[in-house]
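Structure file coords-v7.txt; described as compact mmCIF, C-alpha atoms.
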# COMPACT_ATOMS: atom_id res chain seq x y z
CA MET A 6 -13.44 82.31 13.49
CA PHE A 7 -10.65 83.06 15.96
CA SER A 8 -12.62 81.71 18.91
CA SER A 9 -12.50 78.26 17.31
CA ILE A 10 -8.70 78.15 17.24
CA ALA A 11 -8.06 79.78 20.60
CA PRO A 12 -8.27 76.49 22.59
CA LEU A 13 -5.85 74.84 20.14
CA ALA A 14 -3.41 77.71 20.46
CA ARG A 15 -3.49 77.58 24.26
CA LEU A 16 -3.05 73.81 24.52
CA ASN A 17 -0.32 73.30 21.91
CA PRO A 18 3.03 73.34 23.80
CA PHE A 19 5.49 73.42 20.92
CA TYR A 20 7.92 76.20 20.33
CA ALA A 21 7.44 78.73 17.55
CA PRO A 22 10.78 79.15 15.76
CA HIS A 23 10.67 82.89 15.20
CA PHE A 24 11.12 84.00 18.81
CA GLN A 25 14.38 85.87 19.18
CA LEU A 26 16.74 85.61 22.13
CA VAL A 27 18.20 88.49 24.11
CA GLN A 28 20.97 88.53 26.64
CA ASP A 29 18.84 88.40 29.79
CA GLY A 30 17.01 85.29 28.49
CA VAL A 31 13.68 87.06 27.88
CA ARG A 32 12.01 86.53 24.52
CA LYS A 33 11.74 89.46 22.17
CA ARG A 34 9.12 89.26 19.41
CA ALA A 35 9.18 91.03 16.11
CA GLU A 36 6.30 93.43 15.59
CA PRO A 37 3.76 92.18 13.01
CA ALA A 38 4.67 94.93 10.57
CA GLU A 39 8.41 94.19 10.62
CA ALA A 40 10.00 92.57 7.61
CA PRO A 41 11.92 89.28 7.95
CA THR A 42 15.19 91.17 7.35
CA ALA A 43 14.48 93.38 10.35
CA ARG A 44 13.89 90.31 12.51
CA ARG A 45 17.17 88.86 11.33
CA GLY A 46 18.86 92.11 12.27
CA LEU A 47 17.48 91.88 15.79
CA ALA A 48 18.73 88.30 16.03
CA ALA A 49 22.17 89.38 14.87
CA ALA A 50 22.30 92.15 17.46
CA SER A 51 21.41 89.79 20.28
CA ALA A 52 23.91 87.23 18.99
CA ALA A 53 26.69 89.78 19.12
CA GLU A 54 25.95 90.42 22.78
CA GLU A 55 25.81 86.88 24.09
CA TYR A 56 25.84 84.15 21.46
CA SER A 57 28.66 82.95 19.24
CA CYS A 58 26.53 83.15 16.09
CA GLU A 59 23.16 84.20 14.77
CA TYR A 60 20.23 81.80 14.97
CA GLY A 61 19.86 80.23 11.52
CA SER A 62 23.32 81.22 10.24
CA LEU A 63 25.65 78.83 8.43
CA LYS A 64 27.85 78.66 11.53
CA PHE A 65 24.80 77.77 13.63
CA TYR A 66 23.88 74.92 11.27
CA ALA A 67 27.47 73.67 11.12
CA LEU A 68 27.87 73.56 14.90
CA CYS A 69 24.49 71.86 15.25
CA GLY A 70 25.82 69.25 12.81
CA VAL A 71 28.89 68.79 15.01
CA GLY A 72 26.59 68.25 17.96
CA GLY A 73 24.72 65.63 15.94
CA VAL A 74 27.95 63.80 15.03
CA LEU A 75 29.00 63.60 18.67
CA SER A 76 25.58 62.76 20.06
CA CYS A 77 24.76 59.95 17.61
CA GLY A 78 28.22 58.59 16.84
CA LEU A 79 29.40 58.26 20.44
CA THR A 80 26.16 56.96 21.93
CA HIS A 81 25.47 54.30 19.31
CA THR A 82 29.07 53.07 19.56
CA ALA A 83 28.79 52.87 23.35
CA VAL A 84 25.84 50.45 23.16
CA VAL A 85 27.23 48.19 20.40
CA PRO A 86 27.16 45.08 22.67
CA LEU A 87 23.46 45.55 23.40
CA ASP A 88 22.75 46.29 19.74
CA LEU A 89 24.62 43.15 18.69
CA VAL A 90 22.55 40.94 20.99
CA LYS A 91 19.33 42.65 19.91
CA CYS A 92 20.11 42.04 16.22
CA ARG A 93 20.96 38.39 16.86
CA MET A 94 17.71 37.89 18.76
CA GLN A 95 15.83 39.28 15.77
CA VAL A 96 17.49 37.11 13.12
CA ASP A 97 17.92 33.89 15.18
CA PRO A 98 15.40 33.83 18.06
CA GLN A 99 15.82 30.08 18.53
CA LYS A 100 19.48 30.46 19.48
CA TYR A 101 19.34 33.82 21.24
CA LYS A 102 16.26 33.47 23.43
CA SER A 103 16.64 36.55 25.67
CA ILE A 104 18.98 39.43 26.39
CA PHE A 105 20.90 37.59 29.10
CA ASN A 106 20.98 34.37 27.12
CA GLY A 107 22.17 36.33 24.08
CA PHE A 108 25.06 37.86 26.00
CA SER A 109 25.97 34.48 27.47
CA VAL A 110 25.98 32.67 24.11
CA THR A 111 27.95 35.48 22.42
CA VAL A 112 30.65 35.57 25.10
CA LYS A 113 30.89 31.78 25.10
CA GLU A 114 31.37 31.61 21.33
CA ASP A 115 33.34 34.80 20.58
CA GLY A 116 34.76 35.89 23.92
CA VAL A 117 34.27 39.33 25.43
CA ARG A 118 35.81 40.96 22.34
CA GLY A 119 32.99 39.49 20.29
CA LEU A 120 30.58 41.92 21.92
CA ALA A 121 32.34 44.79 20.14
CA LYS A 122 31.77 43.41 16.64
CA GLY A 123 30.53 46.09 14.28
CA TRP A 124 31.78 49.09 16.26
CA ALA A 125 33.52 50.72 13.26
CA PRO A 126 30.52 50.84 10.87
CA THR A 127 28.36 51.85 13.83
CA PHE A 128 30.55 54.83 14.67
CA ILE A 129 30.98 55.99 11.07
CA GLY A 130 27.39 55.38 10.00
CA TYR A 131 25.69 56.98 12.97
CA SER A 132 28.06 59.93 12.98
CA MET A 133 26.98 60.66 9.41
CA GLN A 134 23.37 60.12 10.37
CA GLY A 135 23.68 62.47 13.34
CA LEU A 136 25.23 65.17 11.17
CA CYS A 137 22.24 65.08 8.83
CA LYS A 138 19.56 64.41 11.45
CA PHE A 139 20.30 67.34 13.76
CA GLY A 140 21.84 69.68 11.21
CA PHE A 141 19.07 69.35 8.64
CA TYR A 142 16.43 69.40 11.36
CA GLU A 143 17.46 72.91 12.28
CA VAL A 144 17.53 73.87 8.59
CA PHE A 145 14.06 72.52 7.83
CA LYS A 146 12.59 73.86 11.05
CA ILE A 147 13.56 77.40 10.14
CA LEU A 148 12.76 76.94 6.44
CA TYR A 149 9.26 75.62 7.05
CA GLY A 150 8.70 78.17 9.80
CA ASN A 151 9.55 81.01 7.43
CA MET A 152 7.17 79.57 4.85
CA LEU A 153 4.34 79.48 7.40
CA GLY A 154 4.95 82.86 9.01
CA GLU A 155 5.22 83.59 12.71
CA GLU A 156 1.57 83.15 13.69
CA ASN A 157 0.94 79.99 11.65
CA ALA A 158 4.26 78.56 12.80
CA TYR A 159 2.98 78.92 16.35
CA LEU A 160 -0.48 77.51 15.68
CA TRP A 161 0.84 74.59 13.60
CA ARG A 162 4.11 74.03 15.41
CA THR A 163 3.35 70.34 16.08
CA SER A 164 3.15 69.73 12.35
CA LEU A 165 6.18 71.95 11.83
CA TYR A 166 8.35 69.81 14.11
CA LEU A 167 7.07 66.57 12.61
CA ALA A 168 7.67 67.76 9.04
CA ALA A 169 11.14 69.13 9.81
CA SER A 170 12.29 65.96 11.58
CA ALA A 171 10.88 63.68 8.85
CA SER A 172 12.61 65.69 6.12
CA ALA A 173 15.93 65.60 7.97
CA GLU A 174 15.73 61.86 8.60
CA PHE A 175 15.07 61.14 4.93
CA PHE A 176 18.59 62.36 4.10
CA ALA A 177 20.12 61.02 7.30
CA ASP A 178 19.13 57.44 6.42
CA ILE A 179 20.72 57.67 2.98
CA ALA A 180 23.96 58.54 4.77
CA LEU A 181 23.49 55.72 7.29
CA ALA A 182 22.40 52.85 5.01
CA PRO A 183 25.81 51.58 3.75
CA MET A 184 27.35 51.32 7.21
CA GLU A 185 24.17 49.86 8.71
CA ALA A 186 24.21 47.10 6.09
CA ALA A 187 27.85 46.28 6.85
CA LYS A 188 27.23 46.35 10.60
CA VAL A 189 24.37 43.86 10.42
CA ARG A 190 26.40 41.47 8.24
CA ILE A 191 29.30 41.57 10.70
CA GLN A 192 27.09 41.10 13.75
CA THR A 193 24.59 38.50 12.54
CA GLN A 194 26.54 36.26 10.13
CA PRO A 195 29.26 34.35 12.01
CA GLY A 196 32.35 33.91 9.86
CA TYR A 197 31.24 36.38 7.19
CA ALA A 198 33.58 39.21 8.26
CA ASN A 199 35.10 40.44 11.48
CA THR A 200 35.94 43.99 10.42
CA LEU A 201 34.59 46.73 8.18
CA ARG A 202 37.57 46.38 5.85
CA GLN A 203 36.67 42.73 5.28
CA ALA A 204 32.91 43.26 4.97
CA VAL A 205 32.77 46.12 2.43
CA PRO A 206 34.68 44.52 -0.49
CA LYS A 207 32.97 41.16 0.12
CA MET A 208 29.50 42.73 0.04
CA PHE A 209 30.31 44.75 -3.07
CA GLY A 210 31.68 41.66 -4.83
CA GLU A 211 28.54 39.65 -4.09
CA GLU A 212 25.75 42.16 -4.78
CA GLY A 213 27.38 45.36 -6.03
CA ILE A 214 26.31 48.77 -4.75
CA TRP A 215 22.79 47.41 -4.09
CA ALA A 216 24.15 45.55 -1.06
CA PHE A 217 24.62 48.85 0.73
CA TYR A 218 21.31 50.49 -0.17
CA LYS A 219 18.77 47.67 -0.33
CA GLY A 220 17.89 48.39 3.29
CA VAL A 221 17.29 52.12 2.86
CA ALA A 222 13.49 51.79 2.42
CA PRO A 223 13.09 49.75 5.63
CA LEU A 224 15.42 52.26 7.29
CA TRP A 225 13.03 55.03 6.31
CA MET A 226 10.17 52.93 7.71
CA ARG A 227 12.05 52.56 10.99
CA GLN A 228 13.87 55.85 11.38
CA ILE A 229 11.39 58.43 10.08
CA PRO A 230 8.62 57.52 12.57
CA TYR A 231 11.33 57.16 15.23
CA THR A 232 12.75 60.62 14.57
CA MET A 233 9.33 62.26 14.35
CA MET A 234 8.49 60.77 17.74
CA LYS A 235 11.94 61.62 19.06
CA PHE A 236 11.63 65.34 18.37
CA ALA A 237 7.89 65.82 18.93
CA CYS A 238 7.72 63.78 22.13
CA PHE A 239 10.90 65.38 23.46
CA GLU A 240 9.56 68.89 22.94
CA ARG A 241 6.22 68.03 24.53
CA THR A 242 7.89 66.36 27.51
CA VAL A 243 10.20 69.32 28.06
CA GLU A 244 7.18 71.60 28.11
CA ALA A 245 5.38 69.36 30.59
CA LEU A 246 8.41 69.13 32.87
CA TYR A 247 8.89 72.88 33.03
CA LYS A 248 5.16 73.43 33.52
CA TYR A 249 4.36 70.75 36.09
CA VAL A 250 7.61 69.45 37.61
CA VAL A 251 10.36 72.10 37.62
CA PRO A 252 9.52 74.55 40.42
CA LYS A 253 10.82 77.62 38.60
CA PRO A 254 10.78 79.06 35.05
CA ARG A 255 13.39 77.86 32.59
CA SER A 256 14.93 81.33 32.44
CA GLU A 257 15.77 81.04 36.15
CA CYS A 258 17.31 77.56 35.85
CA THR A 259 21.05 77.13 35.58
CA LYS A 260 22.55 75.51 32.50
CA ALA A 261 23.15 72.33 34.52
CA GLU A 262 19.52 72.20 35.66
CA GLN A 263 18.33 72.69 32.09
CA LEU A 264 20.52 69.80 30.93
CA VAL A 265 19.01 67.51 33.59
CA VAL A 266 15.55 68.34 32.22
CA THR A 267 16.88 67.60 28.74
CA PHE A 268 18.15 64.17 29.81
CA ILE A 269 14.89 63.15 31.53
CA ALA A 270 12.76 64.32 28.61
CA GLY A 271 15.06 62.50 26.20
CA TYR A 272 14.71 59.18 28.03
CA ILE A 273 10.92 59.41 28.12
CA ALA A 274 10.87 60.20 24.40
CA GLY A 275 13.22 57.30 23.73
CA VAL A 276 10.82 54.72 25.17
CA PHE A 277 8.10 55.81 22.74
CA CYS A 278 10.62 55.95 19.89
CA ALA A 279 11.62 52.33 20.46
CA ILE A 280 8.03 51.08 20.38
CA VAL A 281 7.11 53.00 17.23
CA SER A 282 10.15 51.94 15.22
CA HIS A 283 10.78 48.37 16.41
CA PRO A 284 8.81 46.38 13.77
CA ALA A 285 10.74 48.06 10.95
CA ASP A 286 13.99 47.54 12.87
CA SER A 287 13.32 43.80 12.94
CA VAL A 288 12.74 43.80 9.17
CA VAL A 289 16.01 45.72 8.56
CA SER A 290 18.02 43.26 10.66
CA VAL A 291 16.67 40.20 8.82
CA LEU A 292 16.82 41.85 5.38
CA ASN A 293 20.48 42.83 5.66
CA LYS A 294 21.34 39.29 6.74
CA GLU A 295 19.63 37.56 3.82
CA LYS A 296 20.37 37.76 0.11
CA GLY A 297 17.61 38.29 -2.42
CA SER A 298 14.78 38.97 0.06
CA SER A 299 12.49 41.98 -0.05
CA ALA A 300 11.10 43.94 2.89
CA SER A 301 7.55 42.71 2.25
CA GLN A 302 8.68 39.08 2.11
CA VAL A 303 10.54 39.40 5.41
CA LEU A 304 7.58 41.15 7.04
CA MET A 305 5.15 38.41 5.99
CA ARG A 306 7.48 35.67 7.17
CA LEU A 307 8.08 37.22 10.59
CA GLY A 308 4.41 37.89 11.28
CA PHE A 309 3.00 40.13 14.01
CA LYS A 310 4.69 38.31 16.89
CA GLY A 311 8.04 38.00 15.15
CA VAL A 312 8.51 41.72 14.50
CA TRP A 313 8.34 42.43 18.25
CA LYS A 314 11.22 40.12 19.17
CA GLY A 315 13.94 41.98 21.07
CA LEU A 316 11.66 44.92 22.03
CA PHE A 317 12.76 45.04 25.67
CA ALA A 318 16.43 45.24 24.69
CA ARG A 319 15.60 47.95 22.18
CA ILE A 320 13.65 49.99 24.76
CA ILE A 321 16.65 49.94 27.11
CA MET A 322 19.04 50.77 24.29
CA ILE A 323 16.96 53.48 22.59
CA GLY A 324 15.81 55.05 25.85
CA THR A 325 19.40 55.43 27.00
CA LEU A 326 20.55 56.48 23.54
CA THR A 327 17.91 59.16 23.10
CA ALA A 328 18.49 60.62 26.55
CA LEU A 329 22.25 60.78 26.02
CA GLN A 330 21.88 62.15 22.49
CA TRP A 331 19.72 65.07 23.60
CA PHE A 332 22.01 65.68 26.58
CA ILE A 333 25.15 65.74 24.41
CA TYR A 334 23.48 67.81 21.69
CA ASP A 335 22.24 70.40 24.18
CA SER A 336 25.63 70.40 25.91
CA VAL A 337 27.34 71.17 22.59
CA LYS A 338 24.97 74.10 22.11
CA VAL A 339 25.83 75.37 25.58
CA TYR A 340 29.58 74.91 25.01
CA PHE A 341 29.55 76.78 21.69
CA ARG A 342 27.14 79.40 23.06
CA LEU A 343 24.51 78.71 20.41
CA PRO A 344 21.01 80.22 20.67
CA ARG A 345 18.71 77.84 22.59
CA PRO A 346 15.07 78.98 22.29
CA PRO A 347 13.05 79.07 25.54
CA PRO A 348 9.58 77.52 26.07
CA PRO A 349 6.78 78.63 23.74
CA GLU A 350 4.61 81.65 24.09
CA MET A 351 1.90 83.00 21.83
CA PRO A 352 2.99 85.95 19.63
CA GLU A 353 1.54 89.31 20.69
CA SER A 354 0.00 89.83 17.26
CA LEU A 355 -1.93 86.56 17.60
CA LYS A 356 -3.03 87.44 21.13
CA LYS A 357 -4.51 90.67 19.79
CA LYS A 358 -6.36 88.84 17.02
CA LEU A 359 -7.76 86.35 19.50
CA GLY A 360 -8.76 89.09 21.92
CA LEU A 361 -6.45 87.81 24.64
CA THR A 362 -4.89 91.21 25.33
CA GLU A 363 -6.48 94.50 26.27

File written out as structure tokens:
Amino acid sequence: MFSSIAPLARLNPFYAPHFQLVQDGVRKRAEPAEAPTARRGLAAASAAEEYSCEYGSLKFYALCGVGGVLSCGLTHTAVVPLDLVKCRMQVDPQKYKSIFNGFSVTVKEDGVRGLAKGWAPTFIGYSMQGLCKFGFYEVFKILYGNMLGEENAYLWRTSLYLAASASAEFFADIALAPMEAAKVRIQTQPGYANTLRQAVPKMFGEEGIWAFYKGVAPLWMRQIPYTMMKFACFERTVEALYKYVVPKPRSECTKAEQLVVTFIAGYIAGVFCAIVSHPADSVVSVLNKEKGSSASQVLMRLGFKGVWKGLFARIIMIGTLTALQWFIYDSVKVYFRLPRPPPPEMPESLKKKLGLTE
């Protein structure tokens, strides 16, 4: 039986969440017979020596949430001009024919300041999304890992990461939806509103609370696959970089070198994220612009070709965003001295079962 899963175990590169960290950077595994409380005690001891908190503690989750706020809020706000042009290309492709044409038309009509339209809802909305995305990801990763147990968490770690990221994004999009709706109205409907303070009461007066949440289902369609790809592809790329590109083990790399690997892996993951989530992004942009339309109606009207409008701009934006988000998030962990698990390794207990140790 075990011979059939041995190849899977060897090839799967994802990290098992129960490895504990010690001061010299070497992984320390709990013995199979140890209870979960004993493993937590070992984690607490190592945290006292080097880290500012225990892995999986409330402080750990809170600081991860802070990292998410900074990584998502700052990066999305920084690329508002590109996002504005991308949204306008999606909802009015006849007027905004390309990225460069979109920038030219926008500057001609609204001036340079027009490129910053929607920055306030972008910053607020994506800060809230980042808090939930990264904070809840860590929560669900540990929760699901504890449910599976150490060995199963290792063998099924791909599914573990996908499930944890999808669960986190479900809540993150509920937090994002109101500000995303306001942002799209400001950016894609000339004359509707120039600021968040103008847009919110106007939207509420026209459609009530539904105006802010009618796009949440398309958001789930866009963001959940995006986030699953973002975390899974990032982890796989990090593994590949350390295995095939970086000339020394991660434990021997400086913090700065590790952050460079993080940035590169994040950009590669971002390209795939953009492709996976773009059709739903097109639907969200059109849906938030129009009154009374449903996601299915918009999807049928756009057609296969229409949902891919603005893909190149989105690849540039999301690739840069994802790279910077992972870089900032990892930098926050370094700054606050949070536990940062090293590359994966099969638990000793599983090696014994598979006959991989003497």

Near-His81 (chain A) list (9 Å; all atoms listed in the file; drop same-chain fewer than 5 positions) as a short mmCIF file (atom, residue, chain, number, x, y, z; two decimals) with C-alpha atoms, in the coordinates of the input:
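Produced file selection-v4.cif, reproduced below:
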data_model
loop_
_atom_site.label_atom_id
_atom_site.label_comp_id
_atom_site.auth_asym_id
_atom_site.auth_seq_id
_atom_site.Cartn_x
_atom_site.Cartn_y
_atom_site.Cartn_z
CA SER A 76 25.58 62.76 20.06
CA ASP A 88 22.75 46.29 19.74
CA TRP A 124 31.78 49.09 16.26
CA THR A 127 28.36 51.85 13.83
CA PHE A 128 30.55 54.83 14.67
CA TYR A 131 25.69 56.98 12.97
CA SER A 132 28.06 59.93 12.98
CA MET A 322 19.04 50.77 24.29
CA LEU A 326 20.55 56.48 23.54
#

List the neighbours of Arg342 (chain A) out to 8 Å using all atoms listed in the file; skip same-chain residues closer than 4 positions along the sequence, and give me the result as a list in words. Glu55, Tyr56, Ser57, Cys58 and Lys338 of chain A

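Taking CA of Tyr249 (chain A) as the reference point, CA of Met351 (chain A) is found at 19.0 Å.
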
Distance in Å - CA of Leu136 (chain A) versus CA of Leu148 (chain A): 17.8 Å

List the spatial neighbours of region 275-292 of chain A as a PyMOL selection string - criterion: any atom at most 7 Å away, all atoms listed in the file, same-chain residues fewer than 5 positions off excluded. chain A and resi 92+95-96+189+220+223-224+226-228+230-231+234-235+298-300+303-304+312-313+316+319-320+323-324+327-328

Distance CA of Phe139 (chain A)-CA of Met233 (chain A), one decimal place? 12.1 Å

At most 10 Å is the cut-off: for each residue in region 90-146 of chain A with any atom that close to an atom of region 196-214 of chain A, write down the nearest atom pair and the distance in Å rounded to one decimal, counting all atoms listed in the file, chain first then increasing number, as a Markdown table.
| residue | atom | partner | partner_atom | distance |
| --- | --- | --- | --- | --- |
| A:Gly119 | CA | A:Asn199 | CA | 9.1 |
| A:Lys122 | CA | A:Asn199 | CA | 6.8 |
| A:Gly123 | CA | A:Thr200 | CA | 7.0 |
| A:Trp124 | CA | A:Thr200 | CA | 8.8 |
| A:Ala125 | CA | A:Leu201 | CA | 6.5 |
| A:Pro126 | CA | A:Leu201 | CA | 6.4 |
| A:Thr127 | CA | A:Leu201 | CA | 9.8 |

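The closest residue to Leu355 (chain A), picked from A:Val243, A:Leu160, A:Val110, A:Val266 and counting all atoms listed in the file, is A:Leu160.
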
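Between Ala67 (chain A) and the residues A:Gly360, A:Gly140, A:Pro347, A:Pro254, the shortest atom-to-atom distance, using all atoms listed in the file, involves A:Gly140.
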
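Restricting the calculation to only C-alpha atoms, the smallest distance between Glu244 (chain A) and any of A:Thr82, A:Lys138, A:Glu350, A:Leu329 is found for A:Glu350.
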
Between A:Ser354, A:Thr232, A:Thr259, A:Asn151, which residue has the minimum interatomic distance to Ala274 (chain A), considering all atoms listed in the file? A:Thr232

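Nearest to Tyr101 (chain A) of all the residues A:Tyr334, A:Ser301, A:Asp115, A:Leu89 is A:Leu89, based on all atoms listed in the file.
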
Using all atoms listed in the file, which of A:Lys310, A:Arg345, A:Arg93, A:Lys113 sits nearest Pro195 (chain A)? A:Arg93

Rebuild region 218-243 of chain A so that it carries N, CA and C atoms, then output the result as a CSV table (one decimal), in the frame of the given file.
chain,number,residue,atom,x,y,z
A,218,TYR,N,22.5,49.6,-0.2
A,218,TYR,CA,21.3,50.5,-0.2
A,218,TYR,C,20.0,49.7,-0.2
A,219,LYS,N,20.0,48.4,-0.3
A,219,LYS,CA,18.8,47.7,-0.3
A,219,LYS,C,18.0,47.8,0.9
A,220,GLY,N,18.6,48.2,2.0
A,220,GLY,CA,17.9,48.4,3.3
A,220,GLY,C,17.5,49.8,3.6
A,221,VAL,N,17.6,50.7,2.6
A,221,VAL,CA,17.3,52.1,2.9
A,221,VAL,C,15.8,52.3,3.0
A,222,ALA,N,14.9,51.6,2.3
A,222,ALA,CA,13.5,51.8,2.4
A,222,ALA,C,13.0,51.3,3.8
A,223,PRO,N,13.4,50.1,4.3
A,223,PRO,CA,13.1,49.8,5.6
A,223,PRO,C,13.7,50.7,6.7
A,224,LEU,N,14.9,51.3,6.4
A,224,LEU,CA,15.4,52.3,7.3
A,224,LEU,C,14.5,53.5,7.4
A,225,TRP,N,14.0,53.9,6.3
A,225,TRP,CA,13.0,55.0,6.3
A,225,TRP,C,11.8,54.6,7.1
A,226,MET,N,11.3,53.4,7.0
A,226,MET,CA,10.2,52.9,7.7
A,226,MET,C,10.5,52.9,9.2
A,227,ARG,N,11.7,52.6,9.6
A,227,ARG,CA,12.0,52.6,11.0
A,227,ARG,C,12.4,53.9,11.5
A,228,GLN,N,13.3,54.6,10.8
A,228,GLN,CA,13.9,55.8,11.4
A,228,GLN,C,13.0,57.1,11.3
A,229,ILE,N,12.2,57.2,10.2
A,229,ILE,CA,11.4,58.4,10.1
A,229,ILE,C,10.3,58.5,11.2
A,230,PRO,N,9.5,57.4,11.4
A,230,PRO,CA,8.6,57.5,12.6
A,230,PRO,C,9.4,57.7,13.9
A,231,TYR,N,10.5,57.0,14.0
A,231,TYR,CA,11.3,57.2,15.2
A,231,TYR,C,11.7,58.6,15.5
A,232,THR,N,12.3,59.2,14.4
A,232,THR,CA,12.8,60.6,14.6
A,232,THR,C,11.6,61.6,14.8
A,233,MET,N,10.5,61.4,14.1
A,233,MET,CA,9.3,62.3,14.4
A,233,MET,C,8.9,62.2,15.8
A,234,MET,N,8.8,61.0,16.3
A,234,MET,CA,8.5,60.8,17.7
A,234,MET,C,9.6,61.3,18.6
A,235,LYS,N,10.8,61.2,18.2
A,235,LYS,CA,11.9,61.6,19.1
A,235,LYS,C,11.9,63.1,19.3
A,236,PHE,N,11.6,63.9,18.2
A,236,PHE,CA,11.6,65.3,18.4
A,236,PHE,C,10.3,65.8,18.9
A,237,ALA,N,9.2,65.3,18.5
A,237,ALA,CA,7.9,65.8,18.9
A,237,ALA,C,7.7,65.5,20.4
A,238,CYS,N,7.9,64.2,20.8
A,238,CYS,CA,7.7,63.8,22.1
A,238,CYS,C,8.7,64.5,23.1
A,239,PHE,N,9.9,64.7,22.6
A,239,PHE,CA,10.9,65.4,23.5
A,239,PHE,C,10.4,66.8,23.8
A,240,GLU,N,10.0,67.5,22.7
A,240,GLU,CA,9.6,68.9,22.9
A,240,GLU,C,8.4,69.0,23.9
A,241,ARG,N,7.4,68.0,23.7
A,241,ARG,CA,6.2,68.0,24.5
A,241,ARG,C,6.6,67.7,26.0
A,242,THR,N,7.5,66.8,26.2
A,242,THR,CA,7.9,66.4,27.5
A,242,THR,C,8.6,67.5,28.2
A,243,VAL,N,9.5,68.2,27.5
A,243,VAL,CA,10.2,69.3,28.1
A,243,VAL,C,9.2,70.4,28.5
